[in-house]
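Asks: Structure below; questions to follow.
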Amino acid sequence: MLHEVSIPDFRSERGESYPEVILSYEVAGPPLGSAPLVLVCHALTGNSTVTGDEGWWNKLISEEGAISPMHYTILSFNTPGNAYDGREADDPEAFELRDVARLFLLALEALGVKEVYAVIGASMGGALTWQIAYLAPTLAKHIFPIACDYRASDWLLTQTLIQKQILAHSSHPLEDARIHAMSCYRTPQSLNVRFAGQRDSRGTGSGQYDVESWLLYHGDALARRFKLSAYYVMTHLTSTIGVCEEVEALARIRSAIHIVSIDSDLLFTHDRAEATYEALRALGADVSLAVIHSIHGHDAFLMEYEQLNHIIRPYFPTHV
């Protein structure tokens with residue numbers, strides 16, 4: 001069930017004033033204030049429904065997964081403009097990711113939340129996790145930035161520019177942008193092993209290669225469930241990932257930092273996660289690095305649940 005919280009008199013990073021910003025959110029498990037709170041930051045095409053039958057991350061946040069909604073209160077806000085609550089953005093570039101983090105922190109304050117047990121997110125949600133922890137270094141006991149980076153790499157900026165160009169110039173912008181995105185979310189090895197050069201293996205008469213049919217399916221599927229304006233918003237936010245200029249500034253975070261990287265990730269590459277970990281460890285931060293081993297690339301955080309649950313579960317005991 002969607003709830004709403006109002007943030008009055010908000011001034012964005014680019015200096016624009018908003019008399020009111022309304023955030024929608026969902027709460028699962030025990031009511032707010034009655035159990036340790038886990039703040040979940042959703043990925044680019046995700047939303048506040050993270051658990052339950054329709055939850056996009058329910059293999060992680062469930063009784064079978066690492067984070068039990070019976071023992072932890074699960075809170076997730078919708079990123080402004082993702083249209084999950086029916087609100088579309090008038091200006092897709094109105095906010096930066098830092099604005100979103102500030103809005104979430106103001107929403108927590110409005111809800112009477114002064115501390116959380118953990119902040120967790122993957123991909124763009126992982127970058128948002130970094131941003132929240134940087135702005136509120138004592139808020140969380142644990143943070144879990146997964147398959148992400150604290151600062152956009154030149155490679156990521158390249159991909160987001162391509163996405164923006166597709167959105168601006170394609171006659172089927174959402175479908176075509178998604179097809180390109182899928183080539184970044186998976187790896188050549190993943191696609192080669194899965195499709196093995198087969199053509200029309202289901203006998204549909206299309207004559208298409210199986211990988212082409214799969215890509216077109218993903219483009220069509222996203223167009224049916226996602227608003228074009230929302231994709232503009234989320235793509236722009238991805239291009240604004242930039243918690244701080246230098247990794248040393250992350251040492252102000254007082255939470256235990258649990259970085260989770262994917263060794264085959266083509267979008268947020270493992271070498272950058274490793275460099276962040278090494279720099280923070282040298283600074284004496286409470287930091288760890290766990291690696292998901294997979295051929296599937298960035299999407300492994302949505303596929304390799306046995307590994308992800310194994311990494312996350314020790315930090316979420318059910319006796320709390």
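We label chains A, B, ... in the order they appear in the structure tokens, count residues from 1 in each chain, and number ligands from 1 in the order shown.
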Tell me, as a tab-separated table (two decimals) with C-alpha atoms, in the first residue's frame, which residues lie within 7 Å of A:Glu4, counting only C-alpha atoms; anything in the same chain fewer than 3 positions away does not count.
Replies:
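Wrote around.tsv, looks like this:
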chain	number	residue	atom	x	y	z
A	22	ILE	CA	5.39	14.68	-2.19
A	23	LEU	CA	7.15	11.34	-1.78
A	24	SER	CA	5.29	8.06	-1.92
A	25	TYR	CA	6.54	5.07	0.02
Asks: So that I can check the surroundings of A:Tyr72, please list as a ChimeraX atom specification every protein, DNA and RNA residue that reaches within 8 Å of it, counting only C-alpha atoms and ignoring chain neighbours fewer than 5 positions away.
Replies: /A:29-30,35-38,67
Asks: Mind checking which residues fall within 9 Å of A:Ala110, counting only C-alpha atoms, ignoring those fewer than 2 positions away in the same chain, and posting them as an MDAnalysis selection string?
Replies: chainID A and resid 5:7 105:108 112:113
Asks: Please produce a file of those selected residues containing N, CA, C and O atoms, as a tab-separated table (two decimals), in the first residue's frame.
Replies:
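Saved the output as result_3.tsv:
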chain	number	residue	atom	x	y	z
A	5	VAL	N	4.27	11.27	2.04
A	5	VAL	CA	4.82	12.21	3.01
A	5	VAL	C	5.18	13.49	2.24
A	5	VAL	O	5.68	13.43	1.11
A	6	SER	N	4.87	14.62	2.83
A	6	SER	CA	5.08	15.91	2.17
A	6	SER	C	6.35	16.58	2.69
A	6	SER	O	6.57	16.68	3.90
A	7	ILE	N	7.17	17.06	1.75
A	7	ILE	CA	8.38	17.80	2.10
A	7	ILE	C	8.17	19.25	1.66
A	7	ILE	O	8.11	19.54	0.46
A	105	LEU	N	16.07	11.80	3.20
A	105	LEU	CA	16.45	12.09	4.59
A	105	LEU	C	15.41	13.00	5.26
A	105	LEU	O	15.07	12.81	6.43
A	106	LEU	N	14.89	13.97	4.52
A	106	LEU	CA	13.84	14.83	5.06
A	106	LEU	C	12.56	14.03	5.32
A	106	LEU	O	11.84	14.27	6.29
A	107	ALA	N	12.29	13.06	4.46
A	107	ALA	CA	11.12	12.20	4.65
A	107	ALA	C	11.27	11.34	5.89
A	107	ALA	O	10.31	11.15	6.66
A	108	LEU	N	12.46	10.81	6.11
A	108	LEU	CA	12.71	10.03	7.33
A	108	LEU	C	12.46	10.90	8.57
A	108	LEU	O	11.82	10.46	9.54
A	112	GLY	N	9.57	10.64	11.68
A	112	GLY	CA	10.05	10.43	13.04
A	112	GLY	C	11.17	9.43	13.16
A	112	GLY	O	11.47	8.94	14.25
A	113	VAL	N	11.83	9.13	12.04
A	113	VAL	CA	12.92	8.15	12.04
A	113	VAL	C	14.25	8.88	12.28
A	113	VAL	O	14.63	9.75	11.49
Asks: Looking only at the backbone, which of the residues in stretch 86-194 of chain A does DSSP tag as strand (DSSP E or B), as number ranges by chain?
Replies: A: 116-122, 140-146, 151
Asks: Which is closer to A:Lys164 than all the others in A:Thr235, A:Thr240, A:Ser76, A:Ser17, using only C-alpha atoms?
Replies: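 Nearest candidate to A:Lys164 out of A:Thr235, A:Thr240, A:Ser76, A:Ser17: A:Thr235.
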Asks: Which is closer to A:Ala181 than all the others in A:Ala275, A:Ala127, A:Leu267, A:Cys148, using only C-alpha atoms?
Replies: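 With only C-alpha atoms as the atom set, the closest residue is A:Leu267.
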